[in-house]
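Trainee: I'm passing along data-v4.txt; it holds compact mmCIF, C-alpha atoms.
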```txt
# COMPACT_ATOMS: atom_id res chain seq x y z
CA MET A 111 -4.70 -0.85 -33.81
CA ASN A 112 -4.55 2.58 -35.46
CA SER A 113 -1.40 4.60 -36.08
CA ALA A 114 -2.23 7.22 -33.47
CA ALA A 115 -2.34 4.59 -30.75
CA THR A 116 0.84 2.94 -31.98
CA ALA A 117 2.72 6.23 -31.86
CA THR A 118 1.87 6.80 -28.22
CA ILE A 119 2.80 3.37 -26.82
CA PRO A 120 5.78 3.68 -24.43
CA SER A 121 9.03 2.22 -25.67
CA ALA A 122 9.41 -1.27 -24.24
CA THR A 123 13.06 -1.23 -25.23
CA ILE A 124 13.77 1.81 -23.06
CA LEU A 125 11.84 0.35 -20.16
CA GLY A 126 13.50 -3.02 -20.57
CA GLU A 127 10.17 -4.82 -20.31
CA ASN A 128 8.14 -7.20 -22.45
CA SER A 129 6.57 -5.25 -25.32
CA THR A 130 3.42 -7.39 -25.20
CA GLY A 131 2.82 -6.45 -21.57
CA VAL A 132 3.42 -2.76 -22.23
CA GLU A 133 1.00 -2.76 -25.15
CA ALA A 134 -1.65 -4.68 -23.21
CA ILE A 135 -1.63 -2.15 -20.38
CA PHE A 136 -1.60 0.79 -22.75
CA GLN A 137 -4.57 -0.59 -24.70
CA LEU A 138 -6.49 -1.33 -21.49
CA LEU A 139 -6.02 2.21 -20.20
CA SER A 140 -6.84 3.82 -23.55
CA LYS A 141 -10.01 1.77 -23.94
CA GLU A 142 -11.21 2.46 -20.37
CA PHE A 143 -10.60 6.21 -20.71
CA GLN A 144 -12.48 6.34 -24.01
CA GLN A 145 -15.42 4.41 -22.57
CA SER A 146 -15.59 6.24 -19.23
CA THR A 147 -14.83 9.84 -20.21
CA LYS A 148 -15.76 12.38 -22.86
CA ALA A 149 -12.11 13.11 -23.64
CA SER A 150 -10.83 12.91 -27.21
CA GLU A 151 -9.13 9.76 -28.47
CA GLN A 152 -5.75 11.49 -28.60
CA ASN A 153 -6.20 12.84 -25.08
CA CYS A 154 -6.98 9.32 -23.80
CA HIS A 155 -3.89 7.99 -25.59
CA ASP A 156 -1.65 10.65 -24.07
CA VAL A 157 -2.80 10.01 -20.51
CA ALA A 158 -2.66 6.24 -21.01
CA ARG A 159 0.90 6.53 -22.33
CA ARG A 160 2.07 8.55 -19.32
CA ILE A 161 0.49 6.14 -16.85
CA THR A 162 1.94 3.10 -18.64
CA THR A 163 5.40 4.63 -18.63
CA GLU A 164 5.13 5.47 -14.93
CA VAL A 165 3.91 1.98 -14.04
CA TYR A 166 6.82 0.24 -15.74
CA ARG A 167 9.31 2.73 -14.33
CA ILE A 168 8.08 1.91 -10.81
CA CYS A 169 8.18 -1.83 -11.50
CA HIS A 170 11.68 -1.53 -12.91
CA GLU A 171 12.96 0.46 -9.90
CA SER A 172 11.22 -1.61 -7.21
CA LYS A 173 13.52 -4.30 -5.83
CA ARG A 174 10.53 -5.99 -4.22
CA ILE A 175 8.64 -6.28 -7.51
CA GLN A 176 11.74 -7.38 -9.41
CA ALA A 177 12.44 -10.08 -6.84
CA SER A 178 8.83 -11.30 -6.89
CA GLY A 179 9.19 -12.76 -10.38
CA SER A 180 5.75 -11.41 -11.38
CA VAL A 181 6.59 -8.03 -12.89
CA GLU A 182 3.83 -8.14 -15.50
CA SER A 183 1.18 -9.01 -12.92
CA SER A 184 2.37 -6.22 -10.61
CA ALA A 185 2.39 -3.77 -13.51
CA MET A 186 -1.19 -4.62 -14.44
CA THR A 187 -2.37 -4.29 -10.82
CA LEU A 188 -0.62 -0.94 -10.47
CA ALA A 189 -2.04 0.28 -13.78
CA ARG A 190 -5.59 -0.59 -12.74
CA HIS A 191 -5.07 1.28 -9.46
CA ARG A 192 -3.85 4.36 -11.35
CA LEU A 193 -6.83 4.07 -13.68
CA GLN A 194 -9.37 3.96 -10.85
CA GLN A 195 -7.75 6.93 -9.09
CA CYS A 196 -7.88 9.01 -12.24
CA LEU A 197 -11.47 8.06 -13.06
CA ARG A 198 -12.58 8.79 -9.50
CA TYR A 199 -11.37 12.38 -9.78
CA TYR A 200 -12.86 12.64 -13.27
CA GLN A 201 -16.27 11.56 -11.99
CA LEU A 202 -16.07 14.07 -9.14
CA GLY A 203 -15.44 16.87 -11.63
CA SER A 204 -13.19 19.90 -11.42
CA ASN A 205 -14.58 21.61 -8.31
CA ARG A 206 -15.52 18.57 -6.21
CA GLY A 207 -12.28 16.87 -7.20
CA ARG A 208 -10.23 19.77 -5.87
CA VAL A 209 -12.20 19.79 -2.63
CA GLU A 210 -11.70 16.01 -2.25
CA LEU A 211 -7.96 16.28 -2.87
CA HIS A 212 -7.67 19.19 -0.46
CA SER A 213 -9.57 17.29 2.25
CA THR A 214 -7.47 14.16 1.79
CA LEU A 215 -4.15 15.97 2.09
CA SER A 216 -5.39 18.19 4.94
CA ALA A 217 -6.28 15.13 7.02
CA ILE A 218 -2.75 13.77 6.61
CA ILE A 219 -0.88 16.94 7.63
CA TYR A 220 -3.27 18.41 10.20
CA ARG A 221 -1.30 17.40 13.29
CA TYR A 222 2.04 18.42 11.75
CA ILE A 223 1.04 22.05 11.14
CA ASN A 224 2.11 23.44 14.47
CA PRO A 225 4.27 26.61 14.23
CA PRO A 226 6.75 27.08 17.08
CA GLN A 227 5.88 29.57 19.81
CA LYS A 228 2.21 29.58 18.75
CA GLN A 229 -0.93 28.04 20.22
CA LEU A 230 -3.22 27.80 17.21
CA SER A 231 -6.97 27.38 17.32
CA TYR A 232 -8.63 24.83 15.06
CA GLN A 233 -9.51 27.56 12.53
CA GLY A 234 -6.03 29.07 12.77
CA ARG A 235 -4.45 25.76 11.90
CA LEU A 236 -6.78 25.36 8.91
CA THR A 237 -5.65 28.77 7.61
CA ILE A 238 -2.01 27.71 7.67
CA ILE A 239 -2.91 24.43 5.98
CA GLU A 240 -4.56 26.43 3.18
CA ASP A 241 -1.35 28.41 2.66
CA PHE A 242 0.83 25.32 2.73
CA LEU A 243 -1.25 23.35 0.22
CA GLN A 244 -1.20 26.24 -2.25
CA SER A 245 2.58 25.89 -2.52
CA PHE A 246 2.44 22.09 -2.43
CA TYR A 247 0.10 21.95 -5.44
CA LEU A 248 2.64 23.93 -7.45
CA GLU A 249 5.46 21.63 -6.31
CA ALA A 250 3.38 18.61 -7.38
CA LEU A 251 2.73 20.17 -10.79
CA ASN A 252 6.46 20.70 -11.30
CA ALA A 253 7.13 17.10 -10.23
CA PHE A 254 4.45 15.89 -12.64
CA ARG A 255 6.09 17.81 -15.49
CA ARG A 256 9.53 16.49 -14.59
CA GLU A 257 8.60 12.83 -14.17
CA ASN A 258 6.57 12.75 -17.36
CA GLN A 259 9.20 14.71 -19.34
CA LEU A 260 6.75 17.51 -20.09
CA GLY A 261 7.64 21.12 -20.83
CA ALA A 262 8.01 23.73 -18.11
CA THR A 263 4.84 25.43 -19.34
CA TYR A 264 2.65 22.32 -19.38
CA ARG A 265 -0.60 22.56 -17.46
CA PRO A 266 -3.78 20.44 -17.56
CA GLN A 267 -6.09 21.63 -20.34
CA THR A 268 -8.91 19.09 -20.09
CA LEU A 269 -10.86 17.48 -17.28
CA LEU A 270 -9.11 14.15 -17.90
CA GLU A 271 -5.68 15.80 -17.64
CA LEU A 272 -6.76 17.65 -14.50
CA SER A 273 -7.95 14.35 -13.01
CA GLU A 274 -4.60 12.76 -13.93
CA TYR A 275 -2.78 15.60 -12.19
CA MET A 276 -4.95 15.44 -9.03
CA ALA A 277 -4.48 11.66 -8.75
CA PHE A 278 -0.73 12.17 -9.17
CA THR A 279 -0.71 14.90 -6.51
CA GLU A 280 -2.41 12.60 -4.00
CA ARG A 281 0.14 9.84 -4.67
CA TYR A 282 3.02 12.33 -4.66
CA GLY A 283 2.05 13.57 -1.21
CA LYS A 284 1.79 10.01 0.15
CA ARG A 285 5.21 8.88 -1.10
CA ARG A 286 7.29 7.26 1.61
CA ILE A 287 10.64 8.96 2.11
CA PRO A 288 13.31 6.83 3.85
CA LEU A 289 14.75 8.42 6.99
CA PRO A 290 17.14 7.00 9.59
CA GLY A 291 15.24 4.17 11.26
CA ARG A 292 11.87 4.97 9.69
CA GLN A 293 9.92 6.22 6.68
CA GLN A 294 7.77 9.31 6.41
CA GLN A 295 5.27 10.60 3.86
CA LEU A 296 6.65 13.35 1.66
CA ILE A 297 3.83 15.80 2.33
CA ILE A 298 4.37 15.45 6.09
CA LEU A 299 8.04 16.37 5.73
CA ARG A 300 7.08 19.37 3.59
CA ALA A 301 4.42 20.42 6.12
CA GLN A 302 6.87 20.24 9.02
CA THR A 303 9.38 22.42 7.16
CA PHE A 304 6.67 24.87 6.13
CA SER A 305 5.38 25.05 9.69
CA GLN A 306 8.84 25.97 10.98
CA GLN A 307 9.51 28.58 8.29
CA GLN A 308 6.09 30.25 8.23
CA PRO A 309 6.33 32.13 4.90
CA PRO A 310 4.24 35.28 4.29
CA GLU A 311 0.57 34.81 3.53
CA THR A 312 -0.43 34.65 -0.12
CA SER A 313 -2.22 37.71 -1.38
CA VAL A 314 -5.41 36.86 -3.25
CA ASP A 315 -7.95 39.02 -5.05
CA ILE A 316 -11.20 38.04 -3.29
CA GLU A 317 -13.47 39.09 -6.17
CA GLN A 318 -11.44 37.15 -8.71
CA ALA A 319 -11.42 34.12 -6.44
CA ALA A 320 -15.17 34.26 -5.93
CA GLU A 321 -16.02 34.74 -9.61
CA GLY A 322 -13.52 32.22 -10.97
CA SER A 323 -13.54 31.01 -14.55
CA ASN A 324 -15.50 28.39 -16.42
CA ASN A 325 -12.65 27.73 -18.83
CA GLU A 326 -10.20 25.17 -17.46
CA GLY A 327 -7.78 26.01 -20.21
CA ASP A 328 -7.21 29.66 -19.33
CA GLY A 329 -4.30 31.06 -17.38
CA SER A 330 -6.22 31.41 -14.14
CA TRP A 331 -5.68 27.67 -13.47
CA GLU A 332 -2.02 28.50 -12.85
CA GLU A 333 -3.01 30.36 -9.67
CA PRO A 334 -3.53 27.63 -7.07
CA ALA A 335 -4.25 30.15 -4.31
CA ILE A 336 -7.26 31.50 -6.23
CA HIS A 337 -8.75 28.07 -6.79
CA GLN A 338 -8.08 26.97 -3.23
CA LEU A 339 -9.80 30.02 -1.82
CA ARG A 340 -12.72 29.48 -4.18
CA SER A 341 -13.09 25.89 -2.98
CA THR A 342 -12.90 27.02 0.63
CA MET A 343 -15.56 29.68 0.07
CA ALA A 344 -17.81 27.08 -1.54
CA THR A 345 -17.42 24.46 1.18
CA GLN A 346 -17.50 26.78 4.20
CA ALA A 347 -20.38 29.03 3.19
CA GLU A 348 -22.53 27.45 5.90
CA PRO A 349 -21.51 27.53 9.59
CA GLU A 350 -19.83 24.34 10.71
CA PRO A 351 -22.26 22.20 12.78
CA GLU A 352 -21.37 21.89 16.45
CA GLU A 353 -21.08 18.10 16.09
CA ASP A 354 -18.49 18.50 13.32
CA THR A 355 -16.55 21.02 15.40
CA LEU A 356 -16.49 18.66 18.39
CA ARG A 357 -15.43 15.80 16.11
CA SER A 358 -12.52 17.92 14.87
CA VAL A 359 -11.43 18.58 18.45
CA VAL A 360 -11.57 14.85 19.22
CA VAL A 361 -9.49 14.07 16.12
CA THR A 362 -6.91 16.72 17.01
CA GLU A 363 -6.67 15.58 20.63
CA LEU A 364 -6.28 11.93 19.60
CA MET A 365 -3.53 12.86 17.13
CA ASN A 366 -1.71 14.81 19.86
CA TYR A 367 -2.17 11.90 22.29
CA LEU A 368 -0.57 9.48 19.84
CA GLU A 369 2.26 11.89 19.05
CA GLN A 370 3.06 12.44 22.73
CA ARG A 371 3.36 8.69 23.18
CA GLN A 372 5.65 8.38 20.14
CA GLN A 373 3.06 6.37 18.24
CA SER A 374 3.61 8.05 14.86
CA ASP A 375 2.76 4.88 12.95
CA CYS A 376 -0.61 4.69 14.76
CA ALA A 377 -1.18 8.37 13.89
CA ASP A 378 -0.40 7.65 10.22
CA TYR A 379 -2.83 4.72 10.32
CA PHE A 380 -5.49 6.96 11.88
CA SER A 381 -4.97 9.61 9.17
CA LEU A 382 -5.56 7.01 6.49
CA ARG A 383 -8.62 5.64 8.28
CA LEU A 384 -10.06 9.16 8.31
CA GLN A 385 -9.83 9.04 4.52
CA ASP A 386 -11.90 5.82 4.41
CA LEU A 387 -9.08 3.92 2.69
CA SER A 388 -9.38 0.15 2.40
CA ALA A 389 -7.05 -2.21 4.24
CA GLN A 390 -5.21 -2.92 0.98
CA GLU A 391 -4.74 0.80 0.28
CA ILE A 392 -3.42 1.39 3.81
CA GLU A 393 -0.97 -1.48 3.39
CA SER A 394 0.21 0.05 0.10
CA VAL A 395 0.67 3.56 1.52
CA LEU A 396 2.43 2.42 4.69
CA GLY A 397 4.41 -0.35 3.00
CA LEU A 398 3.05 -3.07 5.29
CA THR A 399 2.13 -6.71 4.88
CA PRO A 400 -1.45 -7.70 5.85
CA ARG A 401 -0.10 -9.18 9.08
CA GLN A 402 1.85 -6.01 9.95
CA ARG A 403 -1.19 -3.87 9.16
CA ASP A 404 -3.39 -6.05 11.39
CA TYR A 405 -0.88 -5.71 14.25
CA LEU A 406 -0.78 -1.94 13.77
CA GLN A 407 -4.58 -1.83 13.76
CA GLN A 408 -4.77 -3.70 17.05
CA ARG A 409 -2.18 -1.41 18.60
CA PHE A 410 -4.12 1.64 17.41
CA LYS A 411 -7.33 0.23 18.92
CA TYR A 412 -5.53 -0.21 22.25
CA HIS A 413 -4.48 3.45 22.29
CA LEU A 414 -7.89 4.56 21.02
CA ILE A 415 -9.64 2.85 23.92
CA ARG A 416 -7.16 4.30 26.43
CA PHE A 417 -7.79 7.75 24.98
CA ALA A 418 -11.58 7.36 24.93
CA LEU A 419 -12.02 5.76 28.35
CA LEU A 420 -9.24 7.34 30.36
CA HIS A 421 -7.22 10.21 28.87
CA ARG A 422 -10.06 12.34 27.41
CA TRP A 423 -13.13 10.39 28.36
CA GLU A 424 -15.25 13.49 29.05
CA LEU A 425 -14.57 14.98 25.60
CA VAL A 426 -15.21 11.70 23.79
CA HIS A 427 -18.40 10.97 25.70
CA GLU A 428 -19.70 14.48 25.08
CA TRP A 429 -19.15 13.94 21.36
CA LEU A 430 -20.90 10.53 21.54
CA GLU A 431 -23.76 12.16 23.51
CA ALA A 432 -23.00 9.66 26.27
CA SER A 433 -21.97 11.94 29.13
CA LEU A 434 -22.64 11.37 32.82
CA HIS A 435 -25.65 13.69 32.55
CA THR A 436 -27.24 11.25 30.09
CA ASN A 437 -26.35 8.10 32.04
CA LEU A 438 -23.42 7.32 29.70
CA GLY A 439 -25.78 7.07 26.74
CA LEU A 440 -27.73 4.12 28.14
CA THR A 441 -31.51 3.73 28.13
CA PRO A 442 -33.29 3.64 31.53
CA GLN A 443 -33.62 -0.16 31.33
CA GLN A 444 -29.96 -0.58 30.32
CA TRP A 445 -28.87 1.79 33.07
CA GLN A 446 -30.73 -0.27 35.68
CA VAL A 447 -29.10 -3.50 34.49
CA TYR A 448 -25.71 -1.80 34.19
CA THR A 449 -25.63 -0.31 37.69
CA ALA A 450 -26.80 -3.60 39.16
CA GLN A 451 -23.63 -5.22 37.78
CA LEU A 452 -21.34 -2.78 39.57
CA ASP A 453 -19.85 -3.54 42.98
CA ASN A 454 -20.34 -1.15 45.90
CA LYS A 455 -17.14 0.84 45.33
CA GLN A 456 -17.80 1.16 41.61
CA ARG A 457 -21.34 2.36 42.28
CA SER A 458 -20.10 4.89 44.84
CA LEU A 459 -17.44 6.11 42.41
CA LEU A 460 -20.04 6.56 39.67
CA GLU A 461 -22.35 8.50 42.00
CA LEU A 462 -19.54 10.82 43.14
CA LYS A 463 -18.52 11.42 39.52
CA GLN A 464 -22.12 12.33 38.64
CA GLN A 465 -22.10 14.81 41.52
CA GLY A 466 -19.14 16.53 39.86
CA GLN A 467 -16.62 15.93 42.66
CA ALA A 468 -12.90 16.19 41.88
CA ASP A 469 -10.90 12.99 41.49
CA GLU A 470 -8.63 13.85 44.43
CA LYS A 471 -11.61 14.18 46.75
CA ILE A 472 -13.24 11.00 45.40
CA ALA A 473 -10.03 9.03 45.91
CA LYS A 474 -9.79 10.25 49.51
CA THR A 475 -13.45 9.45 50.18
CA LEU A 476 -13.16 5.92 48.82
CA GLY A 477 -9.71 5.27 50.26
CA LEU A 478 -8.12 4.74 46.84
CA SER A 479 -4.89 5.90 45.25
CA MET A 480 -5.21 7.94 42.06
CA ALA A 481 -3.97 4.95 40.05
CA GLN A 482 -6.60 2.70 41.62
CA LEU A 483 -9.27 5.31 41.00
CA GLN A 484 -8.36 5.60 37.31
CA LYS A 485 -8.29 1.82 36.90
CA ARG A 486 -11.74 1.45 38.46
CA TRP A 487 -13.17 4.34 36.41
CA PHE A 488 -11.75 2.86 33.21
CA LYS A 489 -13.54 -0.42 33.98
CA ILE A 490 -16.82 1.39 34.68
CA LEU A 491 -16.71 3.24 31.36
CA GLU A 492 -15.62 0.10 29.51
CA GLN A 493 -18.67 -1.81 30.73
CA ALA A 494 -20.99 0.98 29.57
CA TRP A 495 -19.10 1.17 26.26
CA GLU A 496 -19.69 -2.55 25.64
CA ILE A 497 -23.41 -2.23 26.39
CA ARG A 498 -23.79 0.69 23.96
CA ASN A 499 -21.90 -1.17 21.25
CA SER A 500 -23.98 -4.32 21.73
CA LEU A 501 -27.06 -2.14 21.22
CA VAL A 502 -25.73 -0.97 17.86
CA SER A 503 -24.13 -4.18 16.60
CA GLY A 504 -26.61 -6.62 18.09
CA SER A 505 -23.90 -8.59 19.85
CA GLY A 506 -22.02 -8.46 23.08
CA ALA A 507 -18.62 -8.16 21.49
CA SER A 508 -17.38 -4.68 20.83
CA THR A 509 -15.80 -3.99 17.49
CA HIS A 510 -16.20 -0.24 17.66
CA GLU A 511 -13.22 1.76 16.47
```
What is this file in structure tokens?

Mentor:
Amino acid sequence: MNSAATATIPSATILGENSTGVEAIFQLLSKEFQQSTKASEQNCHDVARRITTEVYRICHESKRIQASGSVESSAMTLARHRLQQCLRYYQLGSNRGRVELHSTLSAIIYRYINPPQKQLSYQGRLTIIEDFLQSFYLEALNAFRRENQLGATYRPQTLLELSEYMAFTERYGKRRIPLPGRQQQLIILRAQTFSQQQPPETSVDIEQAAEGSNNEGDGSWEEPAIHQLRSTMATQAEPEPEEDTLRSVVVTELMNYLEQRQQSDCADYFSLRLQDLSAQEIESVLGLTPRQRDYLQQRFKYHLIRFALLHRWELVHEWLEASLHTNLGLTPQQWQVYTAQLDNKQRSLLELKQQGQADEKIAKTLGLSMAQLQKRWFKILEQAWEIRNSLVSGSGASTHE
């Protein structure tokens, strides 16, 4: 091992951990960075040192890890996770990495950006999210400097350092903050405060934002508003497809539905699912065991089905291109089989719905209470839902989420 590497290994004495384990993790990270990036050897050592220090600090402070009796194993697992996060942003590159980070954090806070006394449109809410994230990126940079004992003027100079910072920012936003009776992600708490305060909009030079700079090491990187606007201009140059717009409405309505029913944990789970996180990653972010995560998933599915087949069935079916005008998305042959399975009252209810009659009038015509009407309609839609899913999955059991 050369002297440069030795000089950058974190102090095992300070961390109170086994020096062999510290060195093994440091060497693993250094080697992987040198093999997977074009960064200099010293740059790889510096980033590896910071990650190793952070990993052992977390392991030292975590009561759960300390009580597990497998600190070294936990440290290695955590280090590999940090490594993969950093390399993922490195492979995306500067521009795509920023867009990915912005999208990930936006999905988490979308339903919490709701200024008082205002009814925001979808685009209006996105504008406020842009403003909020500009300030959050600066907060994350300051936290990165502080936790890694870097100077107040430190800023990423290379693509590897930028990737390290973006991976840190994602984790920083997802940190669980203990509150009375619950935990909440840090970025959500910040978004709620920001939404209430509504600071002035950031002034940005449009030409400077559009032109940008090819040099990651120049001072323009310090202006998060400029880079955020540039990313937005790049990703929104084309009109948003109608399908994507409708999907956004469905997502927003489902988030509101969960919030109104005080299902914040289901909403958090849904936010993470929107980011395509694995079950293990969701468990890590939410601090759940596999069994707890499975229970939460089943509870979310219950509310999802209630939302899709009862609360906002028209919106959801329009998005799925399975409205009443298209026979609930069934083929002519499926529709014939489907309607044959319905009893007389169900068939009459379906026909009256297709005629566009109001629920109150339908209930009176069929001699049903509103609760009975909703229950019967839910069952009708559920049967069609199962047939559509069996068409896609090839089985009769629905696993659609």

Trainee: Using all atoms listed in the file, which protein or nucleic acid residues come within 9 Å of Gly283 (chain A)? Drop anything in the same chain fewer than 5 positions from it, and give the result as a ChimeraX atom specification.

Mentor: /A:215,246,250,278,295-298

Trainee: Could you save those same residues with C-alpha atoms as a JSON list (two decimals), in the coordinates of the input?

Mentor:
```
[["chain", "number", "residue", "atom", "x", "y", "z"],
["A", 215, "LEU", "CA", -4.15, 15.97, 2.09],
["A", 246, "PHE", "CA", 2.44, 22.09, -2.43],
["A", 250, "ALA", "CA", 3.38, 18.61, -7.38],
["A", 278, "PHE", "CA", -0.73, 12.17, -9.17],
["A", 295, "GLN", "CA", 5.27, 10.60, 3.86],
["A", 296, "LEU", "CA", 6.65, 13.35, 1.66],
["A", 297, "ILE", "CA", 3.83, 15.80, 2.33],
["A", 298, "ILE", "CA", 4.37, 15.45, 6.09]]
```

Trainee: Find, counting only C-alpha atoms, the residue in A:Ile175, A:Met276, A:Phe488, A:Ser204 that gets nearest to Ile415 (chain A).

Mentor: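 Closest candidate: A:Phe488.
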
Trainee: Need to verify the contact set: Gln194 (chain A), 12 Å, all atoms listed in the file, exclusion of same-chain residues closer than 2 positions in sequence. Can you return it as a list in words?

Mentor: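 The filter keeps Leu139, Glu142, Phe143, Ser146, Ile161, Thr187, Leu188, Ala189, Arg190, His191, Arg192, Cys196, Leu197, Arg198, Tyr199, Tyr200, Gln201, Ser273, Glu274 and Ala277 of chain A.
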
Trainee: For a test of reading the model, state the distance in Å between CA of Tyr367 (chain A) and CA of Phe410 (chain A), rounded to one decimal.

Mentor: 11.5 Å

Trainee: To one decimal in Å, tell me the separation between CA of Thr279 (chain A) and CA of Gln370 (chain A).

Mentor: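 Straight-line distance from CA of Thr279 (chain A) to CA of Gln370 (chain A) works out to 29.6 Å.
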
Trainee: Do you have the CA of Cys169 (chain A)-CA of Glu280 (chain A) distance handy?

Mentor: 19.4 Å

Trainee: Using all atoms listed in the file, which of A:Leu478, A:Ala494, A:Leu452, A:Ile238 sits nearest Ser433 (chain A)?

Mentor: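 Counting all atoms listed in the file, the residue closest to Ser433 (chain A) is A:Ala494.
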
Trainee: Smallest atom-to-atom distance to Ser213 (chain A): which of A:Gly234, A:Ile239, A:Gln451, A:His427, using all atoms listed in the file?

Mentor: A:Ile239

Trainee: Could you give me, as a list in words, the residues within 10 Å of Ser140 (chain A), counting only C-alpha atoms and dropping anything in the same chain fewer than 2 positions from it?

Mentor: Ala115, Ala134, Ile135, Phe136, Gln137, Leu138, Glu142, Phe143, Gln144, Gln145, Glu151, Gln152, Asn153, Cys154, His155, Asp156, Val157, Ala158, Arg159 and Leu193 of chain A

Trainee: Restricting the calculation to only C-alpha atoms, which member of A:Ser458, A:Trp495, A:Met480, A:Lys474 is positioned closest to Gln444 (chain A)?

Mentor: A:Trp495

Trainee: Is it possible to get the residues within 9 Å of (-0.8, 21.7, -8.4) (coordinates as in the file, counting all atoms listed in the file) written as a ChimeraX atom specification?

Mentor: /A:243-252,254,275-276,279,332,334

Trainee: For each of A:Asp378, A:Glu492, A:Glu461, A:Glu257, take the minimum atom-to-atom distance to Arg286 (chain A), counting all atoms listed in the file, then give the residue where this is smallest.

Mentor: A:Asp378

Trainee: Can you pull out the residues contacting Lys463 (chain A)? Cut-off 9 Å, using all atoms listed in the file, and skip same-chain residues under 6 positions away; I want them as a count of residues only.

Mentor: 3

Trainee: I'd like to know which of A:Trp445, A:Leu398, A:Leu384, A:Phe417 is closest to Leu364 (chain A), using only C-alpha atoms.

Mentor: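 When distances to Leu364 (chain A) are compared using only C-alpha atoms, the smallest one comes from A:Phe417.
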
Trainee: Name the residues, using the chain letters and numbers of the file, that sit within 10 Å of (-10.0, 19.1, -18.3) when counting all atoms listed in the file, and give them as a PyMOL selection string.

Mentor: chain A and resi 148-149+153+200+203-204+266-274+325-327

Trainee: Taking C-alpha atoms for each residue, export the selection above as a JSON list (two decimals), in the coordinates of the input.

Mentor:
```json
[["chain", "number", "residue", "atom", "x", "y", "z"],
["A", 148, "LYS", "CA", -15.76, 12.38, -22.86],
["A", 149, "ALA", "CA", -12.11, 13.11, -23.64],
["A", 153, "ASN", "CA", -6.20, 12.84, -25.08],
["A", 200, "TYR", "CA", -12.86, 12.64, -13.27],
["A", 203, "GLY", "CA", -15.44, 16.87, -11.63],
["A", 204, "SER", "CA", -13.19, 19.90, -11.42],
["A", 266, "PRO", "CA", -3.78, 20.44, -17.56],
["A", 267, "GLN", "CA", -6.09, 21.63, -20.34],
["A", 268, "THR", "CA", -8.91, 19.09, -20.09],
["A", 269, "LEU", "CA", -10.86, 17.48, -17.28],
["A", 270, "LEU", "CA", -9.11, 14.15, -17.90],
["A", 271, "GLU", "CA", -5.68, 15.80, -17.64],
["A", 272, "LEU", "CA", -6.76, 17.65, -14.50],
["A", 273, "SER", "CA", -7.95, 14.35, -13.01],
["A", 274, "GLU", "CA", -4.60, 12.76, -13.93],
["A", 325, "ASN", "CA", -12.65, 27.73, -18.83],
["A", 326, "GLU", "CA", -10.20, 25.17, -17.46],
["A", 327, "GLY", "CA", -7.78, 26.01, -20.21]]
```

Trainee: Find the residues around Ile490 (chain A) up to 12 Å (all atoms listed in the file counted), leave out those fewer than 4 positions away in its own chain, and share them as number ranges by chain.

Mentor: A: 419-420, 423, 434, 437-438, 448-449, 451-453, 455-461, 463, 483-486, 494-497
